[in-house]
>>> print(open('coords_11.txt').read())   # compact mmCIF, C-alpha atoms and all ligand atoms
# COMPACT_ATOMS: atom_id res chain seq x y z
CA VAL A 24 222.32 282.27 2.62
CA THR A 25 223.70 283.92 5.73
CA ALA A 26 224.57 281.50 8.50
CA PRO A 27 222.80 282.30 11.77
CA PRO A 28 224.99 283.92 14.40
CA ARG A 29 226.93 281.23 16.25
CA ALA A 30 225.26 282.13 19.53
CA ASP A 31 221.86 281.00 18.15
CA LYS A 32 222.93 277.38 18.45
CA PHE A 33 223.03 277.77 22.21
CA ARG A 34 219.36 278.77 22.36
CA LEU A 35 216.54 276.36 23.11
CA ASP A 36 213.59 278.07 21.40
CA GLY A 37 210.70 275.69 20.74
CA ARG A 38 212.17 272.93 22.94
CA VAL A 39 210.30 271.37 25.84
CA ILE A 40 212.58 270.43 28.72
CA VAL A 41 211.80 268.45 31.88
CA VAL A 42 213.97 269.30 34.88
CA THR A 43 213.78 267.09 38.00
CA GLY A 44 214.70 268.39 41.42
CA SER A 45 213.75 271.87 40.26
CA SER A 46 212.11 273.02 43.51
CA SER A 47 215.46 274.43 44.69
CA GLY A 48 219.17 274.86 44.06
CA LEU A 49 220.78 273.75 40.83
CA GLY A 50 217.56 272.36 39.34
CA LEU A 51 215.81 275.69 39.74
CA ALA A 52 218.77 277.53 38.21
CA ILE A 53 218.78 275.07 35.28
CA ALA A 54 215.05 275.59 34.69
CA VAL A 55 215.50 279.37 34.74
CA ALA A 56 218.42 279.17 32.28
CA CYS A 57 216.45 276.92 29.91
CA ALA A 58 213.46 279.29 30.06
CA GLN A 59 215.69 282.30 29.40
CA ALA A 60 217.09 280.41 26.38
CA GLY A 61 213.57 280.08 24.98
CA ALA A 62 212.48 276.59 26.12
CA ALA A 63 209.19 275.63 27.73
CA THR A 64 210.17 274.02 31.02
CA VAL A 65 208.37 271.33 33.00
CA LEU A 66 209.38 271.18 36.63
CA GLY A 67 209.28 268.04 38.79
CA ALA A 68 210.11 267.49 42.47
CA ARG A 69 208.20 266.47 45.60
CA ARG A 70 207.54 269.93 47.15
CA ALA A 71 204.62 271.26 45.11
CA ASP A 72 204.55 274.59 46.98
CA LEU A 73 208.10 275.40 45.90
CA LEU A 74 207.44 274.21 42.35
CA ALA A 75 204.42 276.51 42.15
CA LYS A 76 206.57 279.46 43.27
CA ALA A 77 209.32 278.58 40.78
CA ALA A 78 206.83 278.22 37.93
CA ALA A 79 205.20 281.55 38.82
CA MET A 80 208.60 283.26 38.81
CA ILE A 81 209.54 281.81 35.41
CA SER A 82 206.11 282.70 33.96
CA ALA A 83 206.35 286.25 35.37
CA GLU A 84 209.57 286.69 33.38
CA GLY A 85 207.82 285.61 30.20
CA GLY A 86 208.81 281.93 30.19
CA GLN A 87 206.49 279.03 29.47
CA CYS A 88 206.43 276.76 32.47
CA ALA A 89 204.39 273.96 34.04
CA TYR A 90 205.03 271.76 37.05
CA ARG A 91 203.93 268.49 38.58
CA SER A 92 204.69 267.06 41.99
CA THR A 93 206.96 264.09 41.29
CA ASP A 94 208.87 261.55 43.35
CA VAL A 95 211.48 260.13 40.97
CA THR A 96 211.78 256.93 43.02
CA ARG A 97 208.30 256.05 41.69
CA PRO A 98 208.36 254.96 38.03
CA ALA A 99 204.65 255.84 37.70
CA ASP A 100 205.36 259.44 38.77
CA CYS A 101 208.09 259.65 36.12
CA ASP A 102 205.66 258.43 33.44
CA VAL A 103 203.13 261.04 34.53
CA LEU A 104 205.70 263.86 34.40
CA ALA A 105 206.87 262.97 30.87
CA ALA A 106 203.28 262.56 29.68
CA TYR A 107 202.33 265.88 31.29
CA ALA A 108 205.08 267.66 29.33
CA VAL A 109 203.65 266.29 26.09
CA GLU A 110 200.08 267.09 27.15
CA ARG A 111 200.94 270.71 28.05
CA PHE A 112 203.38 271.57 25.27
CA GLY A 113 202.83 268.94 22.57
CA ARG A 114 206.29 267.35 22.68
CA VAL A 115 209.29 266.71 24.92
CA ASP A 116 212.87 267.26 23.77
CA GLY A 117 215.05 267.44 26.85
CA LEU A 118 215.46 265.87 30.27
CA VAL A 119 217.71 267.06 33.06
CA ASN A 120 218.08 264.36 35.71
CA ASN A 121 219.03 266.66 38.56
CA ALA A 122 217.00 265.31 41.53
CA GLY A 123 219.42 264.09 44.16
CA VAL A 124 220.09 263.64 47.85
CA GLY A 125 223.39 263.85 49.71
CA SER A 126 224.75 261.39 52.25
CA ALA A 127 227.76 260.84 54.48
CA ALA A 128 228.26 257.86 56.81
CA PRO A 129 231.19 255.65 57.83
CA GLY A 130 231.19 252.41 55.84
CA THR A 131 231.07 250.16 58.91
CA ARG A 132 228.00 251.94 60.24
CA GLU A 133 225.85 252.82 57.24
CA ALA A 134 222.47 251.06 57.44
CA PRO A 135 221.32 249.15 54.34
CA GLU A 136 218.16 251.25 54.12
CA ALA A 137 220.18 254.50 54.20
CA PHE A 138 222.40 253.26 51.34
CA ARG A 139 219.37 252.08 49.36
CA ALA A 140 217.54 255.39 49.84
CA VAL A 141 220.37 257.33 48.16
CA ILE A 142 220.69 254.88 45.24
CA GLU A 143 216.90 254.95 44.81
CA VAL A 144 216.86 258.70 44.16
CA ASN A 145 220.23 259.47 42.58
CA LEU A 146 220.61 256.45 40.30
CA MET A 147 217.35 254.53 40.00
CA GLY A 148 215.25 257.72 39.88
CA ALA A 149 217.36 258.98 36.99
CA TYR A 150 216.86 255.71 35.12
CA TRP A 151 213.08 255.61 35.66
CA MET A 152 212.87 259.20 34.46
CA ALA A 153 215.09 258.49 31.43
CA GLN A 154 212.92 255.49 30.54
CA SER A 155 209.75 257.59 30.68
CA PHE A 156 211.43 260.31 28.63
CA GLY A 157 212.87 257.85 26.11
CA ARG A 158 209.41 256.46 25.35
CA SER A 159 208.00 259.82 24.30
CA ALA A 160 210.94 262.05 23.38
CA THR A 161 211.31 263.77 20.05
CA SER A 162 214.08 262.47 17.80
CA GLY A 163 217.11 264.70 18.28
CA GLY A 164 216.42 265.14 21.99
CA ALA A 165 218.96 265.26 24.79
CA ILE A 166 219.40 264.10 28.38
CA VAL A 167 221.78 265.68 30.87
CA ASN A 168 222.48 263.74 34.06
CA VAL A 169 223.68 265.80 37.01
CA ALA A 170 226.34 263.61 38.66
CA SER A 171 229.08 265.02 40.92
CA VAL A 172 232.86 265.29 41.15
CA THR A 173 232.41 262.67 43.89
CA ALA A 174 231.72 260.16 41.07
CA VAL A 175 235.38 260.37 40.06
CA ALA A 176 237.26 261.87 43.04
CA PRO A 177 236.65 261.08 46.72
CA GLY A 178 235.78 264.19 48.71
CA GLY A 179 237.71 263.20 51.85
CA ILE A 180 234.66 262.19 53.91
CA PRO A 181 232.92 258.78 53.90
CA GLN A 182 230.25 258.84 51.21
CA ALA A 183 229.88 255.29 49.83
CA ALA A 184 226.22 255.70 48.92
CA TYR A 185 226.57 259.10 47.29
CA ALA A 186 229.80 258.23 45.45
CA SER A 187 228.36 254.92 44.20
CA SER A 188 225.13 256.52 43.05
CA LYS A 189 226.93 259.23 41.11
CA ALA A 190 229.52 256.83 39.61
CA GLY A 191 226.58 254.61 38.59
CA LEU A 192 224.99 257.60 36.90
CA LEU A 193 228.06 257.89 34.66
CA GLY A 194 227.62 254.24 33.62
CA LEU A 195 223.95 254.93 32.93
CA THR A 196 224.95 257.97 30.85
CA ARG A 197 227.27 255.93 28.65
CA ASP A 198 224.88 253.02 28.24
CA LEU A 199 221.89 255.14 27.24
CA ALA A 200 224.10 257.22 24.94
CA ALA A 201 225.11 253.97 23.21
CA GLN A 202 221.56 252.57 23.10
CA TRP A 203 219.79 255.70 21.89
CA GLY A 204 222.41 257.52 19.78
CA ALA A 205 221.67 255.84 16.45
CA ARG A 206 218.22 254.47 17.24
CA LYS A 207 216.55 257.59 18.61
CA ALA A 208 219.11 260.36 17.89
CA ILE A 209 219.02 261.16 21.60
CA ARG A 210 222.28 262.45 23.09
CA VAL A 211 223.03 261.59 26.72
CA ASN A 212 225.70 263.43 28.70
CA ALA A 213 226.61 264.09 32.32
CA VAL A 214 227.91 267.07 34.24
CA LEU A 215 230.13 266.81 37.30
CA PRO A 216 229.39 269.75 39.59
CA GLY A 217 232.01 270.70 42.15
CA LEU A 218 230.91 272.79 45.11
CA PHE A 219 227.82 274.95 44.56
CA ASP A 220 225.88 277.06 47.01
CA THR A 221 222.53 275.27 47.50
CA GLU A 222 220.47 273.60 50.23
CA MET A 223 222.61 270.49 49.76
CA ARG A 224 225.77 272.48 50.41
CA GLN A 225 224.24 274.10 53.47
CA ALA A 226 223.60 270.58 54.84
CA MET A 227 227.26 269.51 54.34
CA ASP A 228 229.56 269.50 57.33
CA GLU A 229 232.25 272.17 57.45
CA THR A 230 235.05 269.62 56.96
CA GLU A 231 233.60 268.53 53.64
CA VAL A 232 233.12 272.10 52.47
CA ALA A 233 236.67 273.06 53.50
CA LEU A 234 238.19 270.02 51.76
CA ARG A 235 236.30 270.65 48.52
CA LEU A 236 237.02 274.36 48.57
CA GLY A 237 240.69 273.69 49.25
CA ALA A 238 240.84 271.54 46.10
CA THR A 239 239.00 274.10 43.94
CA ARG A 240 241.56 275.81 41.70
CA LEU A 241 239.30 278.83 41.21
CA ALA A 242 239.20 279.12 45.04
CA ARG A 243 235.50 279.91 45.29
CA ILE A 244 232.13 278.20 45.48
CA GLY A 245 230.27 277.94 42.18
CA ARG A 246 227.15 279.93 41.38
CA PRO A 247 224.15 277.79 40.33
CA ALA A 248 223.88 279.80 37.09
CA GLU A 249 227.40 278.62 36.18
CA LEU A 250 226.30 274.98 36.31
CA ALA A 251 223.07 275.84 34.49
CA ALA A 252 225.03 277.37 31.59
CA ALA A 253 226.89 274.09 31.03
CA VAL A 254 223.65 272.09 31.14
CA GLN A 255 222.02 274.50 28.67
CA PHE A 256 224.98 274.02 26.33
CA LEU A 257 224.69 270.21 26.45
CA LEU A 258 220.94 270.40 25.75
CA SER A 259 221.44 272.74 22.79
CA ASP A 260 222.42 272.24 19.16
CA ALA A 261 225.82 273.72 20.05
CA ALA A 262 226.54 270.26 21.52
CA SER A 263 225.04 268.32 18.60
CA TYR A 264 228.10 266.04 18.23
CA ILE A 265 228.63 265.42 21.94
CA THR A 266 227.23 262.27 23.54
CA GLY A 267 228.32 259.89 26.29
CA ALA A 268 230.56 262.64 27.68
CA THR A 269 231.10 263.96 31.18
CA LEU A 270 231.76 267.65 31.61
CA ALA A 271 233.30 268.77 34.90
CA VAL A 272 231.93 272.11 36.11
CA ASP A 273 234.01 272.19 39.23
CA GLY A 274 236.36 275.18 39.29
CA GLY A 275 239.22 272.77 38.54
CA ILE A 276 238.76 270.19 41.34
CA THR A 277 239.19 267.19 39.03
CA MET A 278 241.83 268.57 36.66
CA HIS A 279 244.76 266.22 36.11
N1 LIG B 1 225.41 271.63 45.56
C1 LIG B 1 226.50 271.00 45.24
O1 LIG B 1 227.61 271.40 45.63
C2 LIG B 1 226.45 269.76 44.37
C3 LIG B 1 227.66 269.18 44.01
C4 LIG B 1 227.65 268.07 43.20
C5 LIG B 1 226.47 267.55 42.73
N2 LIG B 1 225.30 268.12 43.11
C6 LIG B 1 224.06 267.50 42.60
O2 LIG B 1 223.21 268.49 42.08
C7 LIG B 1 221.86 268.06 42.17
C8 LIG B 1 221.02 269.18 42.79
O3 LIG B 1 221.42 269.38 44.11
P1 LIG B 1 221.40 270.81 44.84
O4 LIG B 1 222.77 271.10 45.29
O5 LIG B 1 220.67 271.79 44.02
O6 LIG B 1 220.60 270.44 46.18
P2 LIG B 1 219.11 270.72 46.64
O7 LIG B 1 218.84 272.18 46.65
O8 LIG B 1 218.96 269.93 47.89
O9 LIG B 1 218.23 270.09 45.47
C9 LIG B 1 217.91 268.74 45.38
C10 LIG B 1 216.63 268.63 44.60
O10 LIG B 1 216.29 267.25 44.43
C11 LIG B 1 214.91 267.10 44.71
N3 LIG B 1 214.63 265.73 45.14
C12 LIG B 1 215.16 265.04 46.18
N4 LIG B 1 214.60 263.83 46.27
C13 LIG B 1 213.70 263.74 45.25
C14 LIG B 1 212.79 262.74 44.82
N5 LIG B 1 212.69 261.55 45.44
N6 LIG B 1 212.00 263.00 43.73
C15 LIG B 1 212.08 264.19 43.10
N7 LIG B 1 212.91 265.18 43.47
C16 LIG B 1 213.70 264.95 44.53
C17 LIG B 1 214.60 268.13 45.78
O11 LIG B 1 213.24 268.53 45.71
P3 LIG B 1 212.07 268.02 46.70
O12 LIG B 1 212.66 267.95 48.07
O13 LIG B 1 211.03 269.07 46.52
O14 LIG B 1 211.67 266.70 46.14
C18 LIG B 1 215.47 269.29 45.33
O15 LIG B 1 214.77 270.10 44.40
C19 LIG B 1 221.88 266.76 42.98
O16 LIG B 1 221.78 265.66 42.12
C20 LIG B 1 223.23 266.80 43.65
O17 LIG B 1 223.72 265.52 43.96
C21 LIG B 1 225.25 269.21 43.92
>>> encode(input="coords_11.txt", output="structure tokens")
Amino acid sequence: VTAPPRADKFRLDGRVIVVTGSSSGLGLAIAVACAQAGAATVLGARRADLLAKAAAMISAEGGQCAYRSTDVTRPADCDVLAAYAVERFGRVDGLVNNAGVGSAAPGTREAPEAFRAVIEVNLMGAYWMAQSFGRSATSGGAIVNVASVTAVAPGGIPQAAYASSKAGLLGLTRDLAAQWGARKAIRVNAVLPGLFDTEMRQAMDETEVALRLGATRLARIGRPAELAAAVQFLLSDAASYITGATLAVDGGITMH
């Protein structure tokens, strides 16, 4: 028997993958990469108009794609999105918890509701979505949580809410990897993006961008497709023995 070419293990043919925050930026790039690798993709975010455009673009290129307006801070929305994936494509194998919001505020002045709003999306939203996914996922499935280098290395501006939410996401990654590894054969990993050119980056102040770029050993901003490639790898059989891990995709920001 001839072994399949090694590259085949990186493909996602026949898989059904839910990507949150896929109306723009990294989430959209991840959905496109998954579709190009052969997966059916199910897009979730709040802006239905952008999701419709993204789904039309993926379908026009021959990909299978569906979308559903979803606010990940609402557990019921997360249940509906996971159920919709199964309804449309018969199964669900992958989840990319990418929905996220940025924040920056001095610690003495950050309002409780502002702090809570960031945790609600970046950390709690990822957990609600993972719970919904975990209830219906196929054995052998995979979750990739999109954290940030800010989870492990301060960016030089005050970001208590964002840093806490992303560090919390790493704890969630490890705990679910431990809970579901043997019981459900679901792998759970995280990526740590550095600086990527998206709406979130455009909203950052110039000091933050300059500090991050100054610490980036490759001396350039990342392209969304470069983050998507790492996520695709972690979802694929090429990563079949990797769980509970964090993979920095940061041009060298966090190297020791
Ligand atoms: N860009 C970077 O340099 C960078 C660096 C490190 C980490 N990250 C992380 O990468 C992820 C994607 O960010 P991005 O840079 O691509 O920024 P972005 O273009 O602003 O994308 C954020 C996405 O999250 C969605 N979202 C926000 N709140 C949501 C909610 N309550 N429910 C569902 N979806 C929600 C947004 O869609 P709707 O508004 O349509 O809901 C949007 O699609 C985030 O988790 C971010 O923290 C980005």
>>> closest_residue(input="coords_11.txt", among="A:Ala186, A:Gly48, A:Gly37, A:Ala149", to="Asp220 of chain A", atoms="all atoms listed in the file")
A:Gly48
>>> closest_atom_pairs(input="coords_11.txt", of="segment 162-244 of chain A", to="segment 269-278 of chain A", cutoff="9 Å", atoms="only C-alpha atoms", output="CSV")
residue,atom,partner,partner_atom,distance
A:Ala170,CA,A:Thr269,CA,8.9
A:Ser171,CA,A:Ala271,CA,8.3
A:Val172,CA,A:Thr277,CA,6.9
A:Val175,CA,A:Thr277,CA,7.9
A:Ala176,CA,A:Thr277,CA,6.9
A:Leu193,CA,A:Thr269,CA,7.6
A:Thr196,CA,A:Thr269,CA,8.6
A:Asn212,CA,A:Thr269,CA,6.0
A:Ala213,CA,A:Thr269,CA,4.6
A:Val214,CA,A:Leu270,CA,4.7
A:Leu215,CA,A:Ala271,CA,4.4
A:Pro216,CA,A:Val272,CA,4.9
A:Gly217,CA,A:Asp273,CA,3.8
A:Leu218,CA,A:Asp273,CA,6.7
A:Phe219,CA,A:Asp273,CA,8.6
A:Arg235,CA,A:Ile276,CA,7.6
A:Leu236,CA,A:Ile276,CA,8.5
A:Gly237,CA,A:Ile276,CA,8.9
A:Ala238,CA,A:Ile276,CA,5.4
A:Thr239,CA,A:Ile276,CA,4.7
A:Arg240,CA,A:Gly275,CA,5.0
A:Leu241,CA,A:Gly274,CA,5.1
A:Ala242,CA,A:Gly274,CA,7.5
A:Arg243,CA,A:Gly274,CA,7.7
A:Ile244,CA,A:Gly274,CA,8.1
>>> residues_near_point(input="coords_11.txt", point="(215.3, 271.9, 19.3)", cutoff="12 Å", atoms="only C-alpha atoms", output="PDB file with C-alpha atoms, in the coordinates of the input")
ATOM      1  CA  ASP A  31     221.860 281.000  18.150  1.00  0.00           C
ATOM      2  CA  LYS A  32     222.930 277.380  18.450  1.00  0.00           C
ATOM      3  CA  PHE A  33     223.030 277.770  22.210  1.00  0.00           C
ATOM      4  CA  ARG A  34     219.360 278.770  22.360  1.00  0.00           C
ATOM      5  CA  LEU A  35     216.540 276.360  23.110  1.00  0.00           C
ATOM      6  CA  ASP A  36     213.590 278.070  21.400  1.00  0.00           C
ATOM      7  CA  GLY A  37     210.700 275.690  20.740  1.00  0.00           C
ATOM      8  CA  ARG A  38     212.170 272.930  22.940  1.00  0.00           C
ATOM      9  CA  VAL A  39     210.300 271.370  25.840  1.00  0.00           C
ATOM     10  CA  ILE A  40     212.580 270.430  28.720  1.00  0.00           C
ATOM     11  CA  CYS A  57     216.450 276.920  29.910  1.00  0.00           C
ATOM     12  CA  ALA A  60     217.090 280.410  26.380  1.00  0.00           C
ATOM     13  CA  GLY A  61     213.570 280.080  24.980  1.00  0.00           C
ATOM     14  CA  ALA A  62     212.480 276.590  26.120  1.00  0.00           C
ATOM     15  CA  ALA A  63     209.190 275.630  27.730  1.00  0.00           C
ATOM     16  CA  ARG A 114     206.290 267.350  22.680  1.00  0.00           C
ATOM     17  CA  VAL A 115     209.290 266.710  24.920  1.00  0.00           C
ATOM     18  CA  ASP A 116     212.870 267.260  23.770  1.00  0.00           C
ATOM     19  CA  GLY A 117     215.050 267.440  26.850  1.00  0.00           C
ATOM     20  CA  ALA A 160     210.940 262.050  23.380  1.00  0.00           C
ATOM     21  CA  THR A 161     211.310 263.770  20.050  1.00  0.00           C
ATOM     22  CA  SER A 162     214.080 262.470  17.800  1.00  0.00           C
ATOM     23  CA  GLY A 163     217.110 264.700  18.280  1.00  0.00           C
ATOM     24  CA  GLY A 164     216.420 265.140  21.990  1.00  0.00           C
ATOM     25  CA  ALA A 165     218.960 265.260  24.790  1.00  0.00           C
ATOM     26  CA  ILE A 209     219.020 261.160  21.600  1.00  0.00           C
ATOM     27  CA  GLN A 255     222.020 274.500  28.670  1.00  0.00           C
ATOM     28  CA  LEU A 257     224.690 270.210  26.450  1.00  0.00           C
ATOM     29  CA  LEU A 258     220.940 270.400  25.750  1.00  0.00           C
ATOM     30  CA  SER A 259     221.440 272.740  22.790  1.00  0.00           C
ATOM     31  CA  ASP A 260     222.420 272.240  19.160  1.00  0.00           C
ATOM     32  CA  ALA A 261     225.820 273.720  20.050  1.00  0.00           C
ATOM     33  CA  ALA A 262     226.540 270.260  21.520  1.00  0.00           C
ATOM     34  CA  SER A 263     225.040 268.320  18.600  1.00  0.00           C
TER      35      SER A 263
END
>>> closest_residue(input="coords_11.txt", among="A:Ala128, A:Ala200, A:Met152, A:Ala208", to="ligand LIG 1 (chain B)", atoms="all atoms listed in the file")
A:Met152
>>> residues_around(input="coords_11.txt", residues="Glu231 of chain A", least_positions_apart="2", cutoff="8 Å", atoms="all atoms listed in the file", output="PyMOL selection string")
chain A and resi 178-180+227-229+233-235
>>> write_last_selection(input="coords_11.txt", atoms="C-alpha atoms", output="PDB file, in the coordinates of the input")
ATOM      1  CA  GLY A 178     235.780 264.190  48.710  1.00  0.00           C
ATOM      2  CA  GLY A 179     237.710 263.200  51.850  1.00  0.00           C
ATOM      3  CA  ILE A 180     234.660 262.190  53.910  1.00  0.00           C
ATOM      4  CA  MET A 227     227.260 269.510  54.340  1.00  0.00           C
ATOM      5  CA  ASP A 228     229.560 269.500  57.330  1.00  0.00           C
ATOM      6  CA  GLU A 229     232.250 272.170  57.450  1.00  0.00           C
ATOM      7  CA  ALA A 233     236.670 273.060  53.500  1.00  0.00           C
ATOM      8  CA  LEU A 234     238.190 270.020  51.760  1.00  0.00           C
ATOM      9  CA  ARG A 235     236.300 270.650  48.520  1.00  0.00           C
TER      10      ARG A 235
END
>>> atom_distance(input="coords_11.txt", atom1="atom CA of Ala105 of chain A", atom2="atom C3 of ligand LIG 1 (chain B)")
25.4 Å
>>> closest_residue(input="coords_11.txt", among="A:Leu104, A:Ala68, A:Ala78, A:Ala251", to="ligand LIG 1 (chain B)", atoms="all atoms listed in the file")
A:Ala68
